[in-house]
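Coordinates from run-v9.cif are shown below (mmCIF, C-alpha atoms).
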data_structure
loop_
_atom_site.label_atom_id
_atom_site.label_comp_id
_atom_site.auth_asym_id
_atom_site.auth_seq_id
_atom_site.Cartn_x
_atom_site.Cartn_y
_atom_site.Cartn_z
CA MET M 1 -94.96 182.68 29.12
CA SER M 2 -92.27 185.40 29.35
CA ALA M 3 -88.72 185.12 28.00
CA ASP M 4 -87.42 184.63 31.60
CA GLN M 5 -89.49 181.46 31.96
CA LEU M 6 -87.99 179.78 28.84
CA SER M 7 -85.55 176.92 29.34
CA PRO M 8 -82.01 177.62 28.01
CA THR M 9 -82.71 175.30 25.04
CA MET M 10 -85.98 177.04 24.16
CA HIS M 11 -84.33 180.43 24.63
CA GLY M 12 -81.63 179.43 22.16
CA ALA M 13 -84.26 178.19 19.67
CA ALA M 14 -86.21 181.45 19.97
CA GLU M 15 -83.03 183.46 19.36
CA THR M 16 -82.21 181.33 16.33
CA TYR M 17 -85.77 181.80 15.03
CA LEU M 18 -85.53 185.61 15.44
CA HIS M 19 -82.12 185.62 13.77
CA VAL M 20 -83.44 183.62 10.78
CA GLN M 21 -86.51 185.88 10.54
CA ARG M 22 -84.29 189.00 10.52
CA PHE M 23 -81.98 187.42 7.94
CA CYS M 24 -84.95 186.57 5.67
CA ALA M 25 -86.34 190.09 5.95
CA GLU M 26 -82.94 191.54 5.05
CA GLU M 27 -82.63 189.09 2.18
CA VAL M 28 -86.05 190.13 0.81
CA LEU M 29 -85.04 193.81 1.03
CA ARG M 30 -81.74 193.04 -0.69
CA LEU M 31 -83.49 191.13 -3.49
CA ARG M 32 -86.05 193.90 -3.96
CA ALA M 33 -83.26 196.49 -4.16
CA TRP M 34 -81.39 194.30 -6.66
CA LYS M 35 -84.52 193.92 -8.79
CA ARG M 36 -85.11 197.70 -8.79
CA GLU M 37 -81.47 198.24 -9.76
CA LEU M 38 -81.77 195.72 -12.58
CA ASP M 39 -85.06 197.14 -13.82
CA ASP M 40 -83.46 200.57 -13.91
CA ALA M 41 -80.32 199.26 -15.59
CA VAL M 42 -81.97 197.33 -18.38
CA VAL M 43 -84.84 199.32 -19.74
CA VAL M 44 -87.58 197.06 -20.98
CA PRO M 45 -90.65 199.26 -20.87
CA GLY M 46 -93.85 197.79 -19.52
CA PRO M 47 -97.19 198.04 -21.33
CA GLY M 48 -98.01 201.65 -22.07
CA GLU M 49 -94.58 202.88 -20.92
CA SER M 50 -92.89 202.85 -24.30
CA HIS M 51 -92.51 206.18 -26.01
CA LYS M 52 -91.40 204.89 -29.37
CA PRO M 53 -93.65 202.37 -31.11
CA VAL M 54 -92.13 198.89 -31.14
CA ILE M 55 -92.24 196.79 -34.30
CA LEU M 56 -91.51 193.06 -34.46
CA LEU M 57 -89.96 192.34 -37.84
CA VAL M 58 -89.89 188.69 -38.94
CA GLU M 59 -87.75 188.08 -42.03
CA ASP M 60 -85.42 185.19 -42.84
CA ASN M 61 -83.12 187.06 -45.22
CA VAL M 62 -80.53 188.82 -43.07
CA LEU M 63 -79.82 191.60 -45.58
CA VAL M 64 -83.52 192.35 -46.20
CA ARG M 65 -84.14 192.20 -42.43
CA PHE M 66 -81.31 194.60 -41.63
CA THR M 67 -82.24 197.03 -44.42
CA THR M 68 -85.91 197.07 -43.39
CA ALA M 69 -85.07 197.41 -39.68
CA ASP M 70 -82.62 200.19 -40.49
CA ILE M 71 -85.26 202.13 -42.45
CA LEU M 72 -87.71 201.79 -39.56
CA ARG M 73 -85.12 202.75 -36.90
CA GLU M 74 -84.14 205.80 -38.96
CA GLU M 75 -87.81 206.78 -38.83
CA GLY M 76 -87.75 206.57 -35.04
CA PHE M 77 -89.30 203.17 -34.40
CA ASP M 78 -87.88 200.51 -32.09
CA VAL M 79 -87.45 197.24 -33.95
CA LEU M 80 -87.20 193.69 -32.62
CA GLU M 81 -85.74 191.34 -35.24
CA ALA M 82 -86.68 187.69 -35.65
CA VAL M 83 -85.35 185.29 -38.26
CA ASP M 84 -88.39 182.96 -38.20
CA SER M 85 -91.66 182.24 -36.43
CA SER M 86 -89.94 180.44 -33.52
CA GLU M 87 -87.87 183.51 -32.72
CA ALA M 88 -90.94 185.72 -33.18
CA LEU M 89 -92.92 183.62 -30.69
CA ALA M 90 -89.98 183.65 -28.24
CA LEU M 91 -89.94 187.46 -28.38
CA LEU M 92 -93.74 187.61 -28.04
CA SER M 93 -93.58 185.33 -24.99
CA THR M 94 -91.40 187.84 -23.10
CA GLY M 95 -94.37 190.20 -22.88
CA HIS M 96 -92.36 192.99 -24.47
CA PRO M 97 -94.79 195.73 -25.53
CA LEU M 98 -95.48 195.66 -29.25
CA ASP M 99 -97.35 197.98 -31.58
CA LEU M 100 -97.01 196.14 -34.88
CA VAL M 101 -95.77 192.88 -36.40
CA ILE M 102 -94.33 192.85 -39.91
CA THR M 103 -93.71 189.35 -41.19
CA ASP M 104 -92.52 187.80 -44.40
CA ILE M 105 -94.80 185.04 -45.70
CA ARG M 106 -92.27 182.55 -47.00
CA MET M 107 -89.98 181.48 -44.16
CA PRO M 108 -88.18 178.31 -43.09
CA GLY M 109 -89.23 176.58 -39.88
CA HIS M 110 -92.40 175.02 -38.59
CA MET M 111 -94.64 177.98 -39.41
CA ASP M 112 -94.81 180.41 -42.33
CA GLY M 113 -95.87 184.05 -42.06
CA LEU M 114 -99.53 183.29 -42.75
CA GLN M 115 -99.66 180.73 -39.90
CA LEU M 116 -97.73 183.08 -37.60
CA ALA M 117 -100.21 185.90 -38.34
CA SER M 118 -103.08 183.57 -37.53
CA VAL M 119 -101.51 182.48 -34.20
CA ILE M 120 -100.84 186.10 -33.19
CA LYS M 121 -104.37 187.19 -34.15
CA ASN M 122 -105.77 184.43 -31.93
CA THR M 123 -103.73 185.48 -28.91
CA ARG M 124 -103.42 189.25 -29.44
CA PRO M 125 -106.32 190.28 -31.70
CA ASN M 126 -105.65 194.01 -31.33
CA LEU M 127 -102.03 193.81 -32.47
CA PRO M 128 -101.85 194.94 -36.12
CA ILE M 129 -99.98 192.68 -38.54
CA ALA M 130 -98.51 193.49 -41.96
CA LEU M 131 -97.53 190.72 -44.35
CA LEU M 132 -94.57 191.12 -46.68
CA SER M 133 -94.30 188.95 -49.75
CA SER M 134 -92.87 188.78 -53.24
CA HIS M 135 -96.01 186.86 -54.30
CA LEU M 136 -97.81 188.74 -57.02
CA GLU M 137 -101.18 187.49 -55.88
CA GLN M 138 -102.37 188.25 -52.40
CA PRO M 139 -103.13 185.01 -50.52
CA GLU M 140 -106.03 184.64 -48.13
CA HIS M 141 -104.78 185.93 -44.78
CA SER M 142 -105.74 187.17 -41.32
CA ALA M 143 -103.32 190.12 -41.32
CA ASP M 144 -104.34 193.77 -41.50
CA ILE M 145 -102.40 194.63 -44.62
CA PHE M 146 -100.38 193.01 -47.41
CA ILE M 147 -97.23 194.66 -48.75
CA SER M 148 -95.65 193.43 -51.99
CA LYS M 149 -91.88 193.05 -52.24
CA PRO M 150 -89.83 194.81 -53.40
CA TYR M 151 -91.34 197.74 -51.57
CA ASP M 152 -90.56 201.42 -51.64
CA PRO M 153 -89.14 202.49 -48.21
CA ASP M 154 -91.42 205.56 -48.12
CA LYS M 155 -94.40 203.36 -48.88
CA LEU M 156 -93.42 201.00 -46.04
CA VAL M 157 -93.22 203.86 -43.54
CA GLU M 158 -96.54 205.20 -44.81
CA VAL M 159 -98.19 201.81 -44.25
CA VAL M 160 -96.64 201.50 -40.76
CA GLU M 161 -97.90 204.96 -39.80
CA ARG M 162 -101.35 204.14 -41.15
CA LEU M 163 -101.47 201.08 -38.87
CA ILE M 164 -100.06 202.58 -35.67
CA GLY M 165 -100.65 206.30 -36.10
CA THR M 166 -98.30 209.28 -35.78
CA GLU M 167 -99.44 210.81 -32.45
CA TRP M 168 -96.36 209.38 -30.70
CA ARG M 169 -94.16 211.74 -32.73
CA SER M 170 -95.77 214.84 -31.21
CA ASN M 171 -95.68 213.20 -27.75
CA LEU M 172 -91.93 212.59 -28.16
CA ALA M 173 -91.40 216.15 -29.38
CA SER M 174 -93.15 217.54 -26.28
CA PRO M 175 -92.57 215.00 -23.49
CA ASN M 176 -94.58 217.07 -20.99
CA ALA M 177 -97.65 217.01 -23.16
CA SER M 178 -100.45 215.09 -21.50
CA MET C 1 -64.44 208.38 -33.84
CA ALA C 2 -66.77 207.43 -36.63
CA GLN C 3 -69.72 209.29 -35.12
CA GLN C 4 -67.73 212.52 -35.09
CA SER C 5 -67.40 212.25 -38.85
CA GLY C 6 -71.15 211.84 -39.06
CA GLU C 7 -71.25 208.10 -39.67
CA SER C 8 -71.81 205.40 -37.07
CA GLN C 9 -69.69 202.28 -36.94
CA ARG C 10 -71.31 198.99 -37.89
CA LEU C 11 -71.13 195.91 -35.71
CA LEU C 12 -72.34 192.41 -36.44
CA VAL C 13 -73.82 190.45 -33.52
CA VAL C 14 -74.06 186.71 -34.18
CA ASP C 15 -76.09 184.62 -31.74
CA GLY C 16 -78.58 181.81 -32.23
CA ASP C 17 -80.67 182.83 -29.22
CA VAL C 18 -82.93 185.70 -30.22
CA LEU C 19 -83.29 187.01 -26.66
CA VAL C 20 -79.55 187.19 -26.03
CA ARG C 21 -78.95 188.64 -29.50
CA HIS C 22 -81.64 191.27 -29.03
CA VAL C 23 -80.46 192.45 -25.60
CA ILE C 24 -76.78 192.62 -26.61
CA SER C 25 -77.64 194.39 -29.91
CA ASP C 26 -79.91 196.88 -28.16
CA TYR C 27 -77.17 197.57 -25.60
CA LEU C 28 -74.70 198.30 -28.40
CA ARG C 29 -77.21 200.50 -30.26
CA THR C 30 -77.56 202.70 -27.19
CA CYS C 31 -73.78 203.21 -27.43
CA GLY C 32 -74.26 204.68 -30.90
CA TYR C 33 -73.40 201.71 -33.09
CA ILE C 34 -75.40 200.48 -36.07
CA VAL C 35 -75.88 196.80 -35.28
CA ILE C 36 -76.67 194.04 -37.74
CA GLU C 37 -78.11 190.91 -36.15
CA ALA C 38 -77.31 187.44 -37.49
CA ALA C 39 -78.81 184.23 -36.14
CA SER C 40 -76.22 181.85 -37.62
CA THR C 41 -72.74 181.74 -39.13
CA ASP C 42 -74.43 181.47 -42.56
CA GLU C 43 -76.19 184.80 -42.05
CA ALA C 44 -72.97 186.30 -40.67
CA ALA C 45 -71.05 185.18 -43.78
CA LEU C 46 -73.66 186.81 -46.04
CA VAL C 47 -73.26 190.09 -44.19
CA LEU C 48 -69.45 189.95 -44.23
CA GLU C 49 -69.43 189.13 -47.96
CA ASP C 50 -71.32 192.37 -48.63
CA SER C 51 -68.44 194.82 -48.89
CA THR C 52 -70.78 197.83 -48.88
CA LEU C 53 -71.68 197.17 -45.23
CA ARG C 54 -68.10 197.65 -43.92
CA ILE C 55 -68.38 195.84 -40.59
CA GLU C 56 -65.97 197.14 -37.94
CA ALA C 57 -66.29 194.24 -35.55
CA VAL C 58 -68.12 190.94 -35.12
CA LEU C 59 -69.31 189.79 -31.70
CA CYS C 60 -70.07 186.09 -32.07
CA ASP C 61 -71.35 183.45 -29.66
CA ALA C 62 -68.91 180.53 -29.66
CA ASP C 63 -71.80 178.03 -29.93
CA VAL C 64 -73.75 179.75 -32.68
CA PRO C 65 -75.52 177.42 -35.15
CA GLY C 66 -74.63 177.30 -38.84
CA THR C 67 -72.74 175.45 -41.54
CA GLN C 68 -69.46 176.79 -40.18
CA SER C 69 -68.56 176.79 -36.50
CA ALA C 70 -67.89 180.13 -34.83
CA PHE C 71 -64.16 179.35 -34.96
CA GLN C 72 -64.33 178.56 -38.68
CA LEU C 73 -66.28 181.78 -39.25
CA ARG C 74 -63.59 183.73 -37.41
CA ALA C 75 -60.79 182.18 -39.49
CA TRP C 76 -62.76 182.79 -42.70
CA ALA C 77 -63.58 186.40 -41.72
CA ILE C 78 -59.92 187.16 -40.96
CA ARG C 79 -59.03 186.03 -44.50
CA GLN C 80 -62.08 187.66 -46.12
CA THR C 81 -62.03 191.02 -44.30
CA PRO C 82 -58.74 191.39 -42.41
CA ALA C 83 -59.70 194.81 -41.07
CA THR C 84 -62.71 193.40 -39.23
CA GLN C 85 -62.18 192.47 -35.60
CA VAL C 86 -63.84 189.16 -34.70
CA ILE C 87 -64.61 188.54 -31.02
CA LEU C 88 -65.82 185.15 -29.83
CA ALA C 89 -67.78 184.97 -26.57
CA GLY C 90 -68.20 181.65 -24.78
CA SER C 91 -70.92 182.75 -22.36
CA VAL C 92 -73.57 185.39 -21.82
CA THR C 93 -71.35 187.13 -19.26
CA ALA C 94 -68.43 187.16 -21.69
CA ALA C 95 -70.67 188.55 -24.43
CA ALA C 96 -71.97 191.30 -22.12
CA ASN C 97 -68.43 192.18 -21.02
CA LYS C 98 -67.17 192.28 -24.62
CA ALA C 99 -70.15 194.46 -25.57
CA ALA C 100 -69.26 196.81 -22.69
CA GLU C 101 -65.67 197.01 -23.97
CA LEU C 102 -66.98 197.86 -27.44
CA CYS C 103 -69.18 200.53 -25.88
CA GLU C 104 -66.15 202.10 -24.20
CA GLU C 105 -64.37 202.25 -27.56
CA GLY C 106 -67.56 203.19 -29.36
CA PRO C 107 -69.03 206.37 -30.77
CA GLN C 108 -70.60 207.55 -27.52
CA LEU C 109 -67.80 206.43 -25.20
CA ARG C 110 -70.09 205.21 -22.49
CA ARG C 111 -71.59 202.09 -21.00
CA PRO C 112 -75.36 202.55 -20.87
CA TYR C 113 -75.76 199.69 -18.39
CA ASP C 114 -73.50 197.68 -16.18
CA PRO C 115 -72.55 194.57 -18.23
CA GLN C 116 -73.21 192.33 -15.22
CA SER C 117 -76.80 193.61 -15.14
CA VAL C 118 -77.17 192.83 -18.84
CA ALA C 119 -75.82 189.30 -18.31
CA GLU C 120 -78.07 188.77 -15.27
CA TYR C 121 -81.06 190.12 -17.20
CA ILE C 122 -80.42 187.73 -20.08
CA ARG C 123 -80.09 184.82 -17.64
CA ARG C 124 -83.34 185.86 -15.98
CA ILE C 125 -85.37 185.93 -19.20
CA ILE C 126 -83.81 182.69 -20.38
CA GLY C 127 -84.49 181.16 -16.95
CA THR C 128 -88.13 182.29 -17.13
CA ARG C 129 -88.48 180.79 -20.57
CA ALA C 130 -86.94 177.49 -19.45
CA ALA C 131 -89.30 177.41 -16.45
CA ASP C 132 -92.27 178.07 -18.77
CA ARG C 133 -91.19 175.13 -20.94
CA LEU C 134 -90.93 172.87 -17.88
CA ASN C 135 -94.37 173.96 -16.68
CA LYS C 136 -95.88 173.20 -20.07
CA ALA C 137 -94.19 169.78 -20.25
#
Encoded form using structure tokens:
Amino acid sequence: MSADQLSPTMHGAAETYLHVQRFCAEEVLRLRAWKRELDDAVVVPGPGESHKPVILLVEDNVLVRFTTADILREEGFDVLEAVDSSEALALLSTGHPLDLVITDIRMPGHMDGLQLASVIKNTRPNLPIALLSSHLEQPEHSADIFISKPYDPDKLVEVVERLIGTEWRSNLASPNAS
Amino acid sequence: MAQQSGESQRLLVVDGDVLVRHVISDYLRTCGYIVIEAASTDEAALVLEDSTLRIEAVLCDADVPGTQSAFQLRAWAIRQTPATQVILAGSVTAAANKAAELCEEGPQLRRPYDPQSVAEYIRRIIGTRAADRLNKA
């Protein structure tokens, strides 16, 4: 059936259908453009896109957390800060790329650092974890390393570099290097 | 500007939602500020009590958890450290806009992102999280 053979009602319906279809296509294009714009505006690198290693730091003492994060940022790392395991899991659930988790053992909330390390190891076994604690004796744990508090800042950076390597520094220094 | 004298200005971001706090803090760091993150008014008070930290301004969510309300924290901070500017934000958009204003005044004099994009981004990740919770329920 050609367009000439359509009744006026059917012709109107067809026109409406085409109009809606065009509107939807434009809307999809608009949304895609908006998403691209947003992705460009707020840089959350996808897996493998991050140049600086990203560390999730979980510590309930605000002053210790800030001082530790500051030391790590000064050394060129990106740091995500969490006050407890709930915040740590919320950050992990975003899919943000991570290279290391550093967590205090003794924390308020429904999970301490040992339990958090165990949960992370079950879901992301390749993600290295460092435990921080003022305990003199090292408890049984599933983390990759145990750091006693108070720690020497140089020692902390040394441990971090041992866990995630230092190759990224030369890649940052020569961005065109393959 | 503080950065011209070789030292960055310190800001305190107080928000109980880690995702909002992280995005706003990261935004401000790209403007050249040193940002301290606090998850409650109790943490914020600890930071403000430490006179060595010399906080220039506090950007605080109006609904932040803690022993004190955000309004009580503001009143206390004005008495404790009168030189510190305390900004209360009642919504994510307000927080993003206030952060953008701080960026304009800040060490690098630039807005790294459009504040509306930051606010929309925060809403998107919070929306995704809420949807995940509903799906799990």
> Counting only C-alpha atoms, which residues from chain M have an atom at most 8 Å from any atom of chain C, and could you show them as a PyMOL selection string?
Replying inline: chain M and resi 38+41-42+61-63+66+80-83+87+90-91+94
> What residues come out when you apply the PyMOL selection byres ((chain M and resi 149) around 6) to this file, written as a count of residues only?
Replying inline: 5
>> Report, in Å to a single decimal, how far apart atom CA of Val64 of chain M and atom CA of Val157 of chain M are.
In response: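 Interatomic distance here is 15.3 Å.
Once the PyMOL selection byres ((chain M and resi 57) around 7) is applied to the shown structure, the selection contains M:Ile55, M:Leu56, M:Val58, M:Glu59, M:Val79, M:Leu80, M:Glu81, M:Ala82, M:Val101, M:Ile102, M:Thr103.
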>> Evaluate the PyMOL selection byres ((chain C and resi 96-102) around 8) against this structure - the residues, as an MDAnalysis selection string, please.
In response: chainID C and resid 24 27:28 59 87 89 92:95 103:106 111 114:116 118:119
Would you put the residues from that selection into a file with C-alpha atoms, as a PDB file, keeping the file's coordinate frame?
ATOM      1  CA  ILE C  24     -76.780 192.620 -26.610  1.00  0.00           C
ATOM      2  CA  TYR C  27     -77.170 197.570 -25.600  1.00  0.00           C
ATOM      3  CA  LEU C  28     -74.700 198.300 -28.400  1.00  0.00           C
ATOM      4  CA  LEU C  59     -69.310 189.790 -31.700  1.00  0.00           C
ATOM      5  CA  ILE C  87     -64.610 188.540 -31.020  1.00  0.00           C
ATOM      6  CA  ALA C  89     -67.780 184.970 -26.570  1.00  0.00           C
ATOM      7  CA  VAL C  92     -73.570 185.390 -21.820  1.00  0.00           C
ATOM      8  CA  THR C  93     -71.350 187.130 -19.260  1.00  0.00           C
ATOM      9  CA  ALA C  94     -68.430 187.160 -21.690  1.00  0.00           C
ATOM     10  CA  ALA C  95     -70.670 188.550 -24.430  1.00  0.00           C
ATOM     11  CA  CYS C 103     -69.180 200.530 -25.880  1.00  0.00           C
ATOM     12  CA  GLU C 104     -66.150 202.100 -24.200  1.00  0.00           C
ATOM     13  CA  GLU C 105     -64.370 202.250 -27.560  1.00  0.00           C
ATOM     14  CA  GLY C 106     -67.560 203.190 -29.360  1.00  0.00           C
ATOM     15  CA  ARG C 111     -71.590 202.090 -21.000  1.00  0.00           C
ATOM     16  CA  ASP C 114     -73.500 197.680 -16.180  1.00  0.00           C
ATOM     17  CA  PRO C 115     -72.550 194.570 -18.230  1.00  0.00           C
ATOM     18  CA  GLN C 116     -73.210 192.330 -15.220  1.00  0.00           C
ATOM     19  CA  VAL C 118     -77.170 192.830 -18.840  1.00  0.00           C
ATOM     20  CA  ALA C 119     -75.820 189.300 -18.310  1.00  0.00           C
TER      21      ALA C 119
END
> Could you state the separation of atom CA of His141 of chain M and atom CA of Gln115 of chain M in Å, given to one decimal place?
Replying inline: 8.8 Å
> Just how far from atom CA of Ile129 of chain M is atom CA of Asp144 of chain M, in Å to one decimal?
Replying inline: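 Atom-to-atom, atom CA of Asp144 of chain M and atom CA of Ile129 of chain M are spaced 5.4 Å apart.
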> Quick one: of M:His51, M:Thr9, M:Arg73, M:Ser85, who's nearest to Pro108 of chain M, counting all atoms listed in the file?
Replying inline: M:Ser85
> For the point (-101.0, 187.4, -44.6) in file coordinates, what residues are within 10 Å, counting only C-alpha atoms? Give the answer as a ChimeraX atom specification?
Replying inline: /M:102-105,112-118,129-133,138-147
>> Around (-104.9, 193.3, -33.0), as given in the file, which residues come within 10 Å? Count all atoms listed in the file and list them as a ChimeraX atom specification.
In response: /M:99-101,120-129,143-144
Missing atoms in segment 126-156 of chain M: fill them in up to N, CA and C atoms and send the result as a short mmCIF file (atom, residue, chain, number, x, y, z; two decimals), keeping the file's coordinate frame.
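Contents of rebuild_4.cif, as written:
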data_model
loop_
_atom_site.label_atom_id
_atom_site.label_comp_id
_atom_site.auth_asym_id
_atom_site.auth_seq_id
_atom_site.Cartn_x
_atom_site.Cartn_y
_atom_site.Cartn_z
N ASN M 126 -105.76 192.57 -31.06
CA ASN M 126 -105.65 194.01 -31.33
C ASN M 126 -104.29 194.43 -31.89
N LEU M 127 -103.36 193.47 -31.97
CA LEU M 127 -102.03 193.81 -32.47
C LEU M 127 -102.03 193.79 -34.01
N PRO M 128 -101.82 194.94 -34.64
CA PRO M 128 -101.85 194.94 -36.12
C PRO M 128 -100.70 194.13 -36.72
N ILE M 129 -100.98 193.51 -37.86
CA ILE M 129 -99.98 192.68 -38.54
C ILE M 129 -99.93 193.08 -40.02
N ALA M 130 -98.71 193.24 -40.53
CA ALA M 130 -98.51 193.49 -41.96
C ALA M 130 -97.75 192.32 -42.54
N LEU M 131 -98.22 191.83 -43.68
CA LEU M 131 -97.53 190.72 -44.35
C LEU M 131 -96.68 191.26 -45.48
N LEU M 132 -95.46 190.74 -45.58
CA LEU M 132 -94.57 191.12 -46.68
C LEU M 132 -94.42 189.90 -47.58
N SER M 133 -94.52 190.10 -48.88
CA SER M 133 -94.30 188.95 -49.75
C SER M 133 -93.95 189.38 -51.17
N SER M 134 -93.18 188.52 -51.83
CA SER M 134 -92.87 188.78 -53.24
C SER M 134 -93.90 188.10 -54.14
N HIS M 135 -94.91 187.44 -53.52
CA HIS M 135 -96.01 186.86 -54.30
C HIS M 135 -96.73 187.98 -55.05
N LEU M 136 -97.07 187.72 -56.28
CA LEU M 136 -97.81 188.74 -57.02
C LEU M 136 -99.27 188.77 -56.57
N GLU M 137 -99.78 187.56 -56.31
CA GLU M 137 -101.18 187.49 -55.88
C GLU M 137 -101.25 187.46 -54.36
N GLN M 138 -102.20 188.18 -53.85
CA GLN M 138 -102.37 188.25 -52.40
C GLN M 138 -103.09 186.99 -51.91
N PRO M 139 -102.44 186.21 -51.01
CA PRO M 139 -103.13 185.01 -50.52
C PRO M 139 -104.21 185.38 -49.51
N GLU M 140 -105.04 184.40 -49.19
CA GLU M 140 -106.03 184.64 -48.13
C GLU M 140 -105.27 184.73 -46.80
N HIS M 141 -105.55 185.75 -46.02
CA HIS M 141 -104.78 185.93 -44.78
C HIS M 141 -105.60 186.62 -43.69
N SER M 142 -105.05 186.55 -42.45
CA SER M 142 -105.74 187.17 -41.32
C SER M 142 -105.05 188.47 -40.90
N ALA M 143 -104.06 188.91 -41.68
CA ALA M 143 -103.32 190.12 -41.32
C ALA M 143 -104.14 191.37 -41.67
N ASP M 144 -103.62 192.52 -41.25
CA ASP M 144 -104.34 193.77 -41.50
C ASP M 144 -104.00 194.37 -42.86
N ILE M 145 -102.81 194.05 -43.34
CA ILE M 145 -102.40 194.63 -44.62
C ILE M 145 -101.37 193.73 -45.30
N PHE M 146 -101.32 193.82 -46.61
CA PHE M 146 -100.38 193.01 -47.41
C PHE M 146 -99.47 193.97 -48.18
N ILE M 147 -98.17 193.79 -48.05
CA ILE M 147 -97.23 194.66 -48.75
C ILE M 147 -96.42 193.80 -49.72
N SER M 148 -96.41 194.20 -51.00
CA SER M 148 -95.65 193.43 -51.99
C SER M 148 -94.18 193.81 -51.97
N LYS M 149 -93.32 192.80 -52.12
CA LYS M 149 -91.88 193.05 -52.24
C LYS M 149 -91.50 193.03 -53.72
N PRO M 150 -90.58 193.80 -54.18
CA PRO M 150 -89.83 194.81 -53.40
C PRO M 150 -90.72 196.03 -53.12
N TYR M 151 -90.51 196.61 -51.96
CA TYR M 151 -91.34 197.74 -51.57
C TYR M 151 -90.52 199.03 -51.55
N ASP M 152 -91.19 200.12 -51.73
CA ASP M 152 -90.56 201.42 -51.64
C ASP M 152 -90.46 201.79 -50.15
N PRO M 153 -89.28 202.19 -49.64
CA PRO M 153 -89.14 202.49 -48.21
C PRO M 153 -90.17 203.52 -47.71
N ASP M 154 -90.43 204.54 -48.54
CA ASP M 154 -91.42 205.56 -48.12
C ASP M 154 -92.80 204.96 -47.97
N LYS M 155 -93.09 204.03 -48.89
CA LYS M 155 -94.40 203.36 -48.88
C LYS M 155 -94.52 202.51 -47.61
N LEU M 156 -93.41 201.84 -47.25
CA LEU M 156 -93.42 201.00 -46.04
C LEU M 156 -93.72 201.85 -44.81
#
